[in-house]
Each structure stands twice: as structure tokens, then as C-alpha cells.
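Okay, input-v5.cif is below, mmCIF, C-alpha atoms:
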data_protein
#
loop_
_atom_site.label_atom_id
_atom_site.label_comp_id
_atom_site.auth_asym_id
_atom_site.auth_seq_id
_atom_site.Cartn_x
_atom_site.Cartn_y
_atom_site.Cartn_z
CA MET A 1 28.15 28.43 -26.19
CA ALA A 2 28.48 25.04 -27.94
CA ALA A 3 31.11 24.02 -25.41
CA VAL A 4 28.81 24.93 -22.53
CA LYS A 5 25.98 22.91 -24.06
CA ALA A 6 28.29 19.94 -24.61
CA LEU A 7 29.53 20.15 -21.02
CA MET A 8 25.94 20.35 -19.72
CA LEU A 9 24.99 17.29 -21.78
CA LEU A 10 27.99 15.35 -20.49
CA LEU A 11 27.27 16.25 -16.86
CA SER A 12 23.56 15.43 -17.22
CA ALA A 13 24.30 12.06 -18.80
CA SER A 14 26.84 11.28 -16.06
CA ALA A 15 24.36 12.20 -13.32
CA VAL A 16 21.95 9.60 -14.69
CA LEU A 17 24.33 6.88 -15.89
CA VAL A 18 26.89 6.75 -13.08
CA PRO A 19 24.46 5.60 -10.33
CA VAL A 20 22.78 3.08 -12.65
CA VAL A 21 26.09 1.63 -13.84
CA HIS A 22 27.36 1.53 -10.25
CA GLY A 23 24.23 -0.37 -9.22
CA LEU A 24 24.63 -2.85 -12.03
CA ALA A 25 28.25 -3.40 -11.01
CA VAL A 26 27.25 -3.99 -7.36
CA TYR A 27 24.73 -6.64 -8.50
CA GLY A 28 27.17 -8.27 -10.90
CA TRP A 29 25.27 -7.02 -13.98
CA ASN A 30 22.34 -9.22 -12.98
CA ILE A 31 19.45 -7.06 -14.20
CA ARG A 32 16.87 -9.65 -13.16
CA ALA A 33 18.06 -9.54 -9.54
CA MET A 34 17.80 -5.77 -9.58
CA VAL A 35 14.25 -5.52 -10.92
CA ILE A 36 12.53 -8.45 -9.18
CA PRO A 37 10.76 -7.16 -6.03
CA ILE A 38 11.94 -8.57 -2.72
CA TYR A 39 9.04 -9.20 -0.36
CA SER A 40 8.44 -11.53 2.55
CA PRO A 41 4.77 -11.58 3.56
CA PRO A 42 3.91 -12.03 7.21
CA LYS A 43 2.78 -15.48 8.27
CA ILE A 44 -0.99 -15.83 8.66
CA ASP A 45 -1.88 -19.13 10.29
CA PHE A 46 -4.56 -20.34 12.73
CA ARG A 47 -5.55 -23.50 14.49
CA ILE A 48 -9.21 -23.95 15.42
CA GLU A 49 -10.12 -26.83 17.73
CA PRO A 50 -13.51 -27.59 19.26
CA SER A 51 -13.35 -27.08 23.01
CA GLY A 52 -16.88 -27.45 24.32
CA LEU A 53 -20.59 -27.16 24.03
CA ARG A 54 -23.19 -25.43 26.21
CA PHE A 55 -26.86 -24.64 26.29
CA ASP A 56 -27.85 -21.24 27.59
CA ARG A 57 -31.43 -19.94 27.60
CA GLY A 58 -32.50 -22.27 24.86
CA GLN A 59 -29.49 -21.45 22.65
CA LEU A 60 -26.76 -23.90 21.76
CA TYR A 61 -23.23 -22.49 21.92
CA SER A 62 -20.27 -24.31 20.48
CA GLU A 63 -16.88 -23.14 21.65
CA PHE A 64 -13.65 -23.37 19.73
CA LYS A 65 -10.09 -22.79 20.86
CA LEU A 66 -8.51 -20.34 18.41
CA THR A 67 -4.71 -20.29 18.36
CA ASN A 68 -3.00 -17.59 16.31
CA LEU A 69 0.17 -19.22 14.97
CA GLY A 70 0.99 -16.31 12.68
CA GLU A 71 2.58 -12.88 12.92
CA VAL A 72 -0.53 -10.85 12.26
CA LYS A 73 -3.36 -9.53 14.43
CA VAL A 74 -6.74 -10.67 13.10
CA VAL A 75 -10.15 -9.59 14.31
CA PHE A 76 -12.93 -12.13 13.77
CA GLU A 77 -15.85 -9.79 13.25
CA GLY A 78 -18.48 -12.29 12.19
CA LEU A 79 -19.35 -15.78 11.01
CA ASN A 80 -22.22 -16.64 8.67
CA VAL A 81 -22.36 -20.41 8.77
CA GLU A 82 -24.73 -23.32 8.53
CA VAL A 83 -24.49 -26.38 10.76
CA TYR A 84 -24.87 -29.76 9.05
CA GLY A 85 -25.64 -33.17 10.49
CA PRO A 86 -23.79 -36.40 9.69
CA ASP A 87 -26.31 -37.02 6.90
CA GLY A 88 -25.24 -33.78 5.20
CA LYS A 89 -28.59 -32.06 5.84
CA ALA A 90 -28.63 -28.47 7.14
CA LEU A 91 -29.62 -28.29 10.81
CA ALA A 92 -29.50 -24.64 11.78
CA PRO A 93 -27.79 -21.34 11.01
CA ALA A 94 -25.04 -20.14 13.32
CA SER A 95 -23.22 -16.89 13.94
CA LEU A 96 -20.39 -15.50 16.01
CA ASP A 97 -21.53 -14.67 19.52
CA LYS A 98 -19.11 -11.75 19.83
CA ALA A 99 -16.09 -10.41 17.93
CA VAL A 100 -12.73 -11.89 18.85
CA VAL A 101 -9.37 -10.10 18.62
CA SER A 102 -6.62 -12.60 17.96
CA LEU A 103 -3.11 -11.31 18.58
CA PRO A 104 -0.04 -13.21 17.33
CA GLY A 105 0.74 -16.12 19.62
CA SER A 106 -2.51 -15.79 21.57
CA ILE A 107 -5.20 -18.36 22.36
CA GLN A 108 -8.78 -17.12 22.37
CA THR A 109 -12.22 -18.67 22.60
CA LEU A 110 -14.42 -18.38 19.55
CA THR A 111 -18.07 -18.94 20.45
CA LEU A 112 -20.55 -20.01 17.81
CA LYS A 113 -24.22 -19.37 18.60
CA ILE A 114 -26.32 -22.06 16.91
CA GLU A 115 -29.96 -21.09 16.34
CA VAL A 116 -31.60 -24.41 17.17
CA ASN A 117 -35.35 -24.71 16.98
CA GLU A 118 -37.67 -27.63 17.77
CA ALA A 119 -37.17 -29.21 14.36
CA ALA A 120 -33.38 -29.00 14.68
CA LEU A 121 -33.47 -30.52 18.17
CA SER A 122 -35.67 -33.36 16.92
CA ARG A 123 -33.27 -34.08 14.10
CA ILE A 124 -30.31 -34.04 16.49
CA ALA A 125 -32.17 -36.44 18.77
CA SER A 126 -32.87 -38.73 15.79
CA TYR A 127 -29.14 -39.04 15.13
CA PHE A 128 -28.63 -40.60 18.55
CA MET A 129 -31.33 -43.21 18.01
CA GLY A 130 -29.90 -46.51 16.93
CA GLY A 131 -27.33 -46.69 19.70
CA ARG A 132 -24.91 -43.90 18.70
CA ASP A 133 -23.71 -41.67 21.48
CA ARG A 134 -21.56 -39.40 19.29
CA VAL A 135 -22.31 -37.74 15.97
CA ASN A 136 -20.13 -35.64 13.70
CA ILE A 137 -21.41 -32.11 13.10
CA GLU A 138 -20.02 -29.94 10.33
CA VAL A 139 -19.95 -26.15 10.23
CA LYS A 140 -19.62 -24.49 6.81
CA GLY A 141 -19.96 -20.91 5.64
CA GLU A 142 -17.92 -17.73 5.61
CA ALA A 143 -15.91 -15.80 8.14
CA ILE A 144 -15.62 -12.01 8.12
CA LEU A 145 -12.25 -10.86 9.37
CA ARG A 146 -10.38 -7.60 9.69
CA VAL A 147 -6.68 -7.85 8.86
CA PHE A 148 -4.46 -4.75 8.75
CA GLY A 149 -7.46 -2.49 8.29
CA SER A 150 -8.99 -4.50 5.43
CA ARG A 151 -12.21 -6.47 5.52
CA VAL A 152 -11.66 -10.07 4.42
CA THR A 153 -14.40 -12.59 3.67
CA THR A 154 -13.17 -16.15 3.53
CA PRO A 155 -14.83 -19.58 3.38
CA ILE A 156 -14.58 -21.51 6.60
CA SER A 157 -15.33 -25.08 7.55
CA SER A 158 -14.82 -27.07 10.68
CA SER A 159 -16.29 -30.12 12.34
CA PHE A 160 -16.81 -31.24 15.88
CA GLU A 161 -18.32 -34.20 17.68
CA LEU A 162 -21.58 -33.83 19.50
CA SER A 163 -22.02 -36.38 22.27
CA LEU A 164 -25.26 -37.35 23.92
CA THR A 165 -23.58 -37.12 27.31
CA ASP A 166 -22.60 -33.47 26.73
CA ILE A 167 -26.14 -32.56 25.67
CA LEU A 168 -27.71 -34.26 28.66
CA LYS A 169 -25.20 -32.61 31.04
CA GLN A 170 -26.07 -29.21 29.60
CA GLN A 171 -29.81 -29.86 29.82
CA VAL A 172 -29.59 -31.08 33.43
CA GLY A 173 -27.07 -28.43 34.44
CA MET B 174 10.85 47.94 -16.44
CA PHE B 175 9.63 44.57 -15.21
CA VAL B 176 12.76 42.89 -16.54
CA LYS B 177 14.95 45.48 -14.85
CA VAL B 178 13.30 44.78 -11.48
CA LEU B 179 13.48 40.99 -11.84
CA THR B 180 17.13 41.18 -12.85
CA MET B 181 18.16 43.98 -10.48
CA ASN B 182 19.18 46.10 -13.39
CA TYR B 183 20.44 43.19 -15.53
CA ARG B 184 22.81 41.87 -12.87
CA PHE B 185 21.10 38.66 -11.66
CA ASN B 186 18.17 36.49 -12.74
CA LEU B 187 16.13 36.57 -9.54
CA LEU B 188 13.59 34.04 -10.87
CA GLY B 189 16.46 31.66 -11.59
CA VAL B 190 17.91 32.16 -8.10
CA ALA B 191 14.51 31.49 -6.50
CA SER B 192 13.97 28.44 -8.71
CA SER B 193 17.41 27.01 -7.86
CA PHE B 194 16.78 27.37 -4.09
CA LEU B 195 13.47 25.53 -4.42
CA LEU B 196 15.10 22.85 -6.60
CA PHE B 197 17.83 22.30 -3.99
CA TYR B 198 15.16 22.03 -1.29
CA THR B 199 13.06 19.48 -3.16
CA ALA B 200 16.06 17.42 -4.34
CA LEU B 201 17.53 17.19 -0.82
CA SER B 202 14.20 16.36 0.83
CA ASN B 203 13.11 12.75 1.39
CA ASP B 204 9.45 13.73 1.72
CA PRO B 205 7.13 11.93 -0.71
CA TRP B 206 5.41 13.68 -3.60
CA TRP B 207 2.51 11.21 -3.67
CA THR B 208 1.13 8.96 -0.97
CA VAL B 209 -1.43 6.17 -1.04
CA HIS B 210 -2.63 4.25 2.00
CA GLY B 211 -5.04 1.33 2.25
CA GLY B 212 -6.81 0.33 5.45
CA ILE B 213 -8.81 1.96 8.21
CA GLY B 214 -8.59 2.55 11.94
CA GLY B 215 -4.91 3.45 11.94
CA GLU B 216 -3.94 0.08 10.44
CA ARG B 217 -2.39 -0.05 6.97
CA THR B 218 -3.00 -2.96 4.61
CA PHE B 219 -0.54 -1.30 2.29
CA SER B 220 1.12 2.06 1.86
CA ALA B 221 3.28 3.72 -0.76
CA GLU B 222 5.16 7.00 -0.37
CA VAL B 223 6.67 7.98 -3.68
CA SER B 224 8.88 10.73 -5.02
CA PRO B 225 11.50 10.68 -7.81
CA PHE B 226 14.15 10.68 -5.04
CA ASN B 227 12.74 8.11 -2.62
CA ILE B 228 10.25 5.24 -2.95
CA SER B 229 8.87 3.38 0.05
CA VAL B 230 6.25 0.61 -0.27
CA GLU B 231 4.87 -1.60 2.48
CA VAL B 232 2.32 -4.41 2.25
CA LEU B 233 0.89 -5.98 5.42
CA GLY B 234 3.52 -4.19 7.48
CA LYS B 235 6.49 -5.57 5.54
CA PRO B 236 8.59 -3.57 3.04
CA VAL B 237 8.66 -4.30 -0.69
CA ILE B 238 12.12 -3.61 -2.08
CA VAL B 239 13.18 -3.31 -5.71
CA PRO B 240 16.99 -2.85 -5.72
CA MET B 241 17.08 -0.95 -9.03
CA LEU B 242 14.84 1.79 -7.62
CA PHE B 243 17.55 2.91 -5.16
CA TYR B 244 19.92 3.68 -8.04
CA LEU B 245 17.25 5.26 -10.24
CA THR B 246 16.18 7.61 -7.43
CA MET B 247 19.84 8.47 -6.81
CA ALA B 248 20.18 9.34 -10.52
CA ALA B 249 17.07 11.55 -10.35
CA ARG B 250 18.38 13.34 -7.26
CA LEU B 251 21.82 13.98 -8.83
CA SER B 252 20.16 15.19 -12.01
CA ILE B 253 18.03 17.77 -10.19
CA LEU B 254 20.91 18.86 -7.94
CA LEU B 255 22.93 19.47 -11.11
CA ALA B 256 20.01 21.41 -12.61
CA ALA B 257 19.75 23.50 -9.41
CA ALA B 258 23.48 24.23 -9.40
CA THR B 259 23.69 25.22 -13.07
CA THR B 260 20.51 27.32 -12.81
CA PHE B 261 21.97 29.14 -9.80
CA LEU B 262 25.27 29.72 -11.59
CA GLY B 263 23.56 30.86 -14.78
CA SER B 264 21.33 33.23 -12.80
CA LEU B 265 24.36 34.98 -11.32
CA LEU B 266 26.18 35.28 -14.66
CA THR B 267 23.50 37.05 -16.68
CA ASN B 268 26.12 39.20 -18.42
CA LYS B 269 27.76 36.11 -20.00
CA PRO B 270 26.29 35.11 -23.38
CA TRP B 271 26.86 31.41 -22.64
CA SER B 272 24.89 31.52 -19.37
CA LYS B 273 21.47 30.77 -20.96
CA PRO B 274 22.09 26.99 -21.47
CA LEU B 275 22.91 26.82 -17.75
CA ILE B 276 19.27 27.59 -16.88
CA SER B 277 17.78 24.09 -16.80
CA LEU B 278 14.19 23.05 -17.51
CA ARG B 279 14.65 19.66 -15.84
CA GLY B 280 12.99 21.04 -12.73
CA LEU B 281 9.78 21.47 -14.72
CA ILE B 282 10.04 18.28 -16.76
CA LEU B 283 10.42 16.07 -13.68
CA PRO B 284 7.15 16.89 -11.85
CA VAL B 285 5.22 16.76 -15.12
CA LEU B 286 6.73 13.36 -16.04
CA PHE B 287 6.17 12.16 -12.46
CA LEU B 288 2.44 12.90 -12.65
CA ALA B 289 2.15 11.43 -16.14
CA GLY B 290 4.06 8.32 -15.05
CA LEU B 291 1.79 7.87 -12.03
CA PHE B 292 -1.31 8.19 -14.19
CA ILE B 293 0.02 5.57 -16.63
CA LEU B 294 1.09 3.16 -13.86
CA LEU B 295 -2.27 3.40 -12.09
CA ASN B 296 -4.08 2.71 -15.36
CA LEU B 297 -1.82 -0.29 -16.04
CA ALA B 298 -2.54 -1.60 -12.53
CA ARG B 299 -6.26 -1.26 -13.22
CA LEU B 300 -6.04 -3.00 -16.61
CA TYR B 301 -3.63 -5.84 -15.81
CA ALA B 302 -3.87 -6.41 -12.04
CA ASN B 303 -7.52 -5.41 -11.69
CA VAL B 304 -6.56 -3.04 -8.86
CA SER B 305 -8.15 0.40 -9.07
CA LEU B 306 -6.13 2.96 -7.10
CA PRO B 307 -7.07 6.65 -7.21
CA LEU B 308 -4.51 9.31 -8.14
CA ILE B 309 -6.11 11.71 -5.66
CA GLY B 310 -8.97 11.09 -3.25
CA ARG B 311 -10.67 8.08 -1.68
CA SER B 312 -12.04 4.84 -3.01
CA THR B 313 -12.54 1.21 -2.03
CA ILE B 314 -10.62 -1.62 -3.62
CA GLU B 315 -12.38 -4.96 -3.88
CA TYR B 316 -10.01 -7.76 -4.69
CA THR B 317 -10.41 -11.53 -4.87
CA ILE B 318 -7.58 -13.91 -4.04
CA ASN B 319 -7.69 -17.56 -5.02
CA TYR B 320 -5.71 -19.51 -2.44
CA GLY B 321 -5.63 -23.28 -2.27
CA GLY B 322 -8.94 -23.58 -4.08
CA LEU B 323 -10.58 -21.07 -1.74
CA ARG B 324 -11.99 -17.74 -2.90
CA ILE B 325 -11.07 -14.97 -0.49
CA ASP B 326 -12.69 -11.54 -1.00
CA THR B 327 -11.02 -8.42 0.38
CA GLU B 328 -12.30 -4.88 0.70
CA THR B 329 -9.88 -2.06 1.46
CA ALA B 330 -10.53 1.66 1.88
CA VAL B 331 -7.87 3.64 0.02
CA GLU B 332 -6.78 7.27 0.20
CA ALA B 333 -4.28 8.95 -2.13
CA ALA B 334 -2.91 12.48 -2.27
CA LEU B 335 -0.31 14.69 -3.89
CA THR B 336 1.72 16.34 -1.15
CA GLN B 337 2.80 19.90 -0.50
CA ILE B 338 6.34 19.18 -1.62
CA TYR B 339 5.08 18.09 -5.05
CA TRP B 340 3.52 21.51 -5.53
CA ILE B 341 6.75 23.16 -4.35
CA ALA B 342 8.67 21.12 -6.94
CA LEU B 343 6.18 22.12 -9.65
CA THR B 344 6.51 25.77 -8.60
CA ALA B 345 10.30 25.45 -8.79
CA GLY B 346 9.95 24.04 -12.30
CA ALA B 347 7.56 26.79 -13.39
CA LEU B 348 9.97 29.41 -12.01
CA SER B 349 12.85 27.82 -13.94
CA ALA B 350 10.82 28.06 -17.17
CA LEU B 351 10.08 31.72 -16.43
CA ALA B 352 13.75 32.26 -15.56
CA LYS B 353 14.75 30.82 -18.94
CA ALA B 354 12.34 33.17 -20.71
CA LEU B 355 13.64 36.08 -18.64
CA HIS B 356 17.20 35.15 -19.55
CA GLY B 357 16.23 35.42 -23.21
CA ARG B 358 14.81 38.89 -22.58
CA ILE B 359 18.01 39.95 -20.82
CA ALA B 360 20.02 38.93 -23.87
CA GLY B 361 17.55 40.76 -26.12
CA ASP B 362 17.33 43.97 -24.05
CA HIS B 363 20.95 44.07 -22.97
CA PRO B 364 23.14 42.33 -25.58
#
Go ahead and render the structure in this file as C-alpha cells.
Amino acid sequence: MAAVKALMLLLSASAVLVPVVHGLAVYGWNIRAMVIPIYSPPKIDFRIEPSGLRFDRGQLYSEFKLTNLGEVKVVFEGLNVEVYGPDGKALAPASLDKAVVSLPGSIQTLTLKIEVNEAALSRIASYFMGGRDRVNIEVKGEAILRVFGSRVTTPISSSFELSLTDILKQQVG
Amino acid sequence: MFVKVLTMNYRFNLLGVASSFLLFYTALSNDPWWTVHGGIGGERTFSAEVSPFNISVEVLGKPVIVPMLFYLTMAARLSILLAAATTFLGSLLTNKPWSKPLISLRGLILPVLFLAGLFILLNLARLYANVSLPLIGRSTIEYTINYGGLRIDTETAVEAALTQIYWIALTAGALSALAKALHGRIAGDHP
């Protein structure tokens, strides 16, 4: 009976120790290398460039070229942003016109709908007084994205130039 | 009378035989005992499929590998296969006085330790990583990442479950405990 118990103990210990010792030998007894997780996250990278401006039924739309330089599909579900003039004062709120699905390597158009009212238009007009034909507009706020089934809220900021010529073209057109 | 039926007139330990078959099945299977998935709409932010014999973790579609885990799971598998083999052998040799130590309780200890280990790990993750994963059921994880001075908030729907094969393993363990008790009765009734 004692011999059987001793044999059982020996076999049990071997079943546990042999694989672990073998693993340590394979890794040159480098315990750190064996316990540190190995993980390479996918690349998440975008380029956003202003690509145009248009007026449509009294709304101002600013378009951006969105290039997905990463390895991950991202859905832009919404934008809650504020548009600021060159003097740093808030002009108008803006939101995403429609959701955009950005696949890896793709180029999409992201359209920002800017809620301009009379006061905002007056302020924009005032920027062009004094001889300037271009002003720098900043967009700041947060973007709501869906990445791999998770909802992500991230700060976003971008700037674009508003030219008097573009505005007049849109108004006339 | 009951003992006579379960041992086929003191010839075999049927509970031990049944337990050993279930132990072989669970030890040779790569199916997970516990799964947790984060994400909705068929997309997975992360997933983990865990058993003492096989651990698979993916985050954002890419695997997370810890080399030591391969050898630890191999050790667990060998240990349970040994327990299954000795339990089977002991169940067939009921007339030998030295057959009782062959009936192993490792098949019961492992699923109990597995569940306890999971519970402890999930609590440690909640305390130190501020990530609250359920043991069973659904919840939502809200997590904030600070990246380059930016604060990024994430919200992930999570679902976790113990699988059918876990319950089979626990049943195998319970049967091995009953087989051990039965073996003691055989020795007592039929020395």
C-alpha cells in the first residue's frame, strides 16, 4: 500500500514537473521571458484633411477626407463639436451629418454639419472685414466611434481655412 | 445491496469507471470551461476561452500569448490523464487492498480550484486594473485610457459563462469522490 502511494506521488509530481522543466529548458531558464505576455496591438491611425465647404438649405457643411492608415475598421457614429473662430470665440455647434464606416486602407468623406445662425454668419462676415480673404476655423469636441464592438469616446480637434471666395461661390451657386 | 449493484457483486467500481471515462473526455478535449467576450454586433473587442488544458486570449483581434501557460496547461492535462488512468485501473481491481489509493480525487479538486482561481483573478482585475468582468452573466465595462495627454473613454458590453464541459468535469470529479467512498465500503463489506 505504501509503495503504491509512493509510486502515485512520484507519477503525479512527474506529470506536473516534467512539462514545466522542459519549458524552462526550451526558454533557457529565462523565467521572465516565459511569463511576460507577448502582444502586438493592431495599428489604429487616421489622417483627416479638410476637403471642401458647401452651403445647403441654409446649413453649412464642412467636408473632410478621412484616410484610414491603420489595420482596424472604425465606425464614426457621431461628433459633438464646437466650431471656433480665429479669435477663439465659439461660433456654432456642429455634428456628424451621417455615420461613416472606415475600413483599413480606405478613404471616406466625413461631413460636418455646422449649425450656423444669423449671429454666427455675422461673426464670420466680421472676420473678413479688414481685408482678409481667409480665416482659420477650429473644430474641437469629441468623436464617438465604434471599434471592434466597443463604443469609444475620444477628444477630437481639427482646423481648416474658410475663404471668402468659397463662401461666395456657395451662396451664388 | 446498493454497494453490490454499483460494484457488480464486488467485482468492479462502476462509479470509478464512469468517472475515469468522463475524466479522459474532459482532459482530451480542447473546449473551454469558461468564456468571456467583450463587444457587440458580432465584433469582439476581446475574448478569452479558458480551461486548465487550453487558454486562448485575444484583444482587438490579435492573440495574447504567455509562453509559460502552454507548459502549465500541458502539466494539468497530464495530471488529469494520470488520474483518469489510475482511477480506471483501481476501479477494475477492487479485490486488491492496494487499489484504493489509485482512485484519485484530482478530478474533483481541479474544477473547484479552477472556479476559485477565476473568482480570485477577476477580483484582482477589479481591484488593481479597475476592470470589472463578471464570472457569469452580462455587464458593461467602462474604461478610461490616457494616451498622449488625451482621455479616451471606452464602453464595452461583456458576456461570460461557464460551459457545458465544465459541468461535465465537475460531475466527473464528484463521481470520483463517490467512487473513493464506494471503494472504502467495498473494503469494509468484503475484506
On this structure, which residues satisfy the PyMOL selection byres ((chain B and resi 267) around 8), written as a ChimeraX atom specification? /B:183-186,263-266,268-270,272-273,356,359
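Compared by their closest atoms to chain A, and using all atoms listed in the file, the residues B:Ala191, B:Leu323, B:Met174, B:Ile228 rank with B:Leu323 nearest.
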List every residue of chain B that has an atom at most 7 Å from any atom of chain A, and for each one report the closest atom pair and its distance in Å to one decimal, counting all atoms listed in the file, with rows sorted by chain and then by increasing residue number, as JSON lines.
{"residue": "B:Gly212", "atom": "CA", "partner": "A:Gly149", "partner_atom": "CA", "distance": 4.1}
{"residue": "B:Ile213", "atom": "CA", "partner": "A:Gly149", "partner_atom": "CA", "distance": 4.7}
{"residue": "B:Gly214", "atom": "CA", "partner": "A:Gly149", "partner_atom": "CA", "distance": 6.3}
{"residue": "B:Glu216", "atom": "CA", "partner": "A:Gly149", "partner_atom": "CA", "distance": 4.9}
{"residue": "B:Arg217", "atom": "CA", "partner": "A:Phe148", "partner_atom": "CA", "distance": 5.4}
{"residue": "B:Thr218", "atom": "CA", "partner": "A:Phe148", "partner_atom": "CA", "distance": 4.7}
{"residue": "B:Leu233", "atom": "CA", "partner": "A:Phe148", "partner_atom": "CA", "distance": 6.4}
{"residue": "B:Lys235", "atom": "CA", "partner": "A:Pro41", "partner_atom": "CA", "distance": 6.6}
{"residue": "B:Pro236", "atom": "CA", "partner": "A:Tyr39", "partner_atom": "CA", "distance": 6.6}
{"residue": "B:Val237", "atom": "CA", "partner": "A:Tyr39", "partner_atom": "CA", "distance": 4.9}
{"residue": "B:Ile238", "atom": "CA", "partner": "A:Ile38", "partner_atom": "CA", "distance": 5.0}
{"residue": "B:Val239", "atom": "CA", "partner": "A:Pro37", "partner_atom": "CA", "distance": 4.6}
{"residue": "B:Pro240", "atom": "CA", "partner": "A:Met34", "partner_atom": "CA", "distance": 4.9}
{"residue": "B:Met241", "atom": "CA", "partner": "A:Met34", "partner_atom": "CA", "distance": 4.9}
{"residue": "B:Tyr244", "atom": "CA", "partner": "A:Pro19", "partner_atom": "CA", "distance": 5.4}
{"residue": "B:Leu245", "atom": "CA", "partner": "A:Val20", "partner_atom": "CA", "distance": 6.4}
{"residue": "B:Met247", "atom": "CA", "partner": "A:Pro19", "partner_atom": "CA", "distance": 6.5}
{"residue": "B:Ala248", "atom": "CA", "partner": "A:Val16", "partner_atom": "CA", "distance": 4.5}
{"residue": "B:Ala249", "atom": "CA", "partner": "A:Val16", "partner_atom": "CA", "distance": 6.8}
{"residue": "B:Leu251", "atom": "CA", "partner": "A:Ala15", "partner_atom": "CA", "distance": 5.5}
{"residue": "B:Ser252", "atom": "CA", "partner": "A:Ala15", "partner_atom": "CA", "distance": 5.3}
{"residue": "B:Trp271", "atom": "CA", "partner": "A:Met1", "partner_atom": "CA", "distance": 4.8}
{"residue": "B:Pro274", "atom": "CA", "partner": "A:Lys5", "partner_atom": "CA", "distance": 6.2}
{"residue": "B:Leu323", "atom": "CA", "partner": "A:Pro155", "partner_atom": "CA", "distance": 6.8}
{"residue": "B:Arg324", "atom": "CA", "partner": "A:Thr154", "partner_atom": "CA", "distance": 6.7}
{"residue": "B:Ile325", "atom": "CA", "partner": "A:Thr154", "partner_atom": "CA", "distance": 4.7}
{"residue": "B:Asp326", "atom": "CA", "partner": "A:Thr153", "partner_atom": "CA", "distance": 5.1}
{"residue": "B:Thr327", "atom": "CA", "partner": "A:Val152", "partner_atom": "CA", "distance": 4.4}
{"residue": "B:Glu328", "atom": "CA", "partner": "A:Arg151", "partner_atom": "CA", "distance": 5.1}
{"residue": "B:Thr329", "atom": "CA", "partner": "A:Ser150", "partner_atom": "CA", "distance": 4.7}
Please return the centre and edge lengths, in Å to one decimal, of a box with edges along x, y and z that contains all listed atoms of range 320-324 of chain B, widened by 5 Å on every side, as AutoDock Vina command-line options.
--center_x -8.8 --center_y -20.7 --center_z -2.9 --size_x 16.4 --size_y 15.8 --size_z 12.3
Rounded to one decimal place, report the CA of Val230 in chain B-CA of Ala25 in chain A distance in Å. 24.8 Å
Using all atoms listed in the file, which residues sit within 12 Å of Leu254 in chain B once same-chain residues fewer than 4 positions away are excluded, as a PDB file with C-alpha atoms, keeping the file's coordinate frame?
ATOM      1  CA  LEU A  11      27.270  16.250 -16.860  1.00  0.00           C
ATOM      2  CA  SER A  12      23.560  15.430 -17.220  1.00  0.00           C
ATOM      3  CA  ALA A  15      24.360  12.200 -13.320  1.00  0.00           C
ATOM      4  CA  VAL A  16      21.950   9.600 -14.690  1.00  0.00           C
TER       5      VAL A  16
ATOM      6  CA  SER B 192      13.970  28.440  -8.710  1.00  0.00           C
ATOM      7  CA  SER B 193      17.410  27.010  -7.860  1.00  0.00           C
ATOM      8  CA  PHE B 194      16.780  27.370  -4.090  1.00  0.00           C
ATOM      9  CA  LEU B 195      13.470  25.530  -4.420  1.00  0.00           C
ATOM     10  CA  LEU B 196      15.100  22.850  -6.600  1.00  0.00           C
ATOM     11  CA  PHE B 197      17.830  22.300  -3.990  1.00  0.00           C
ATOM     12  CA  TYR B 198      15.160  22.030  -1.290  1.00  0.00           C
ATOM     13  CA  THR B 199      13.060  19.480  -3.160  1.00  0.00           C
ATOM     14  CA  ALA B 200      16.060  17.420  -4.340  1.00  0.00           C
ATOM     15  CA  LEU B 201      17.530  17.190  -0.820  1.00  0.00           C
ATOM     16  CA  SER B 202      14.200  16.360   0.830  1.00  0.00           C
ATOM     17  CA  PHE B 226      14.150  10.680  -5.040  1.00  0.00           C
ATOM     18  CA  MET B 247      19.840   8.470  -6.810  1.00  0.00           C
ATOM     19  CA  ALA B 248      20.180   9.340 -10.520  1.00  0.00           C
ATOM     20  CA  ALA B 249      17.070  11.550 -10.350  1.00  0.00           C
ATOM     21  CA  ARG B 250      18.380  13.340  -7.260  1.00  0.00           C
ATOM     22  CA  ALA B 258      23.480  24.230  -9.400  1.00  0.00           C
ATOM     23  CA  THR B 259      23.690  25.220 -13.070  1.00  0.00           C
ATOM     24  CA  THR B 260      20.510  27.320 -12.810  1.00  0.00           C
ATOM     25  CA  PHE B 261      21.970  29.140  -9.800  1.00  0.00           C
ATOM     26  CA  SER B 277      17.780  24.090 -16.800  1.00  0.00           C
ATOM     27  CA  ARG B 279      14.650  19.660 -15.840  1.00  0.00           C
ATOM     28  CA  GLY B 280      12.990  21.040 -12.730  1.00  0.00           C
TER      29      GLY B 280
END
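The interatomic distance for the pair CA of Ala334 in chain B and CA of Ile309 in chain B works out to 4.7 Å.
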Expected answer as a PyMOL selection string: all residues with atoms within 12 Å of (-10.1, 3.1, -8.4), all atoms listed in the file: chain B and resi 209+211+292+295-300+302-316+329-333
Excluding Asp87 in chain A and any residue of its chain fewer than 6 positions from it, enumerate the residues within 10 Å of it, using all atoms listed in the file, and give them as a PyMOL selection string. chain A and resi 127+135-137
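Excluding Leu355 in chain B itself and any same-chain residue fewer than 2 positions from it, the protein and nucleic acid residues within 9 Å of it, counting all atoms listed in the file, are Val176, Leu179, Thr180, Asn186, Leu188, Gly189, Ala350, Leu351, Ala352, Lys353, Gly357, Arg358, Ile359 and Ala360 of chain B.
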Residue IDs satisfying the PyMOL selection byres ((chain B and resi 224) around 7), as number ranges by chain: B: 205-207, 223, 225-228
Output C-alpha atoms for every residue in the selection just made, as a JSON list (two decimals), in the coordinates of the input.
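Produced file part.json, reproduced below:
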[["chain", "number", "residue", "atom", "x", "y", "z"],
["B", 205, "PRO", "CA", 7.13, 11.93, -0.71],
["B", 206, "TRP", "CA", 5.41, 13.68, -3.60],
["B", 207, "TRP", "CA", 2.51, 11.21, -3.67],
["B", 223, "VAL", "CA", 6.67, 7.98, -3.68],
["B", 225, "PRO", "CA", 11.50, 10.68, -7.81],
["B", 226, "PHE", "CA", 14.15, 10.68, -5.04],
["B", 227, "ASN", "CA", 12.74, 8.11, -2.62],
["B", 228, "ILE", "CA", 10.25, 5.24, -2.95]]
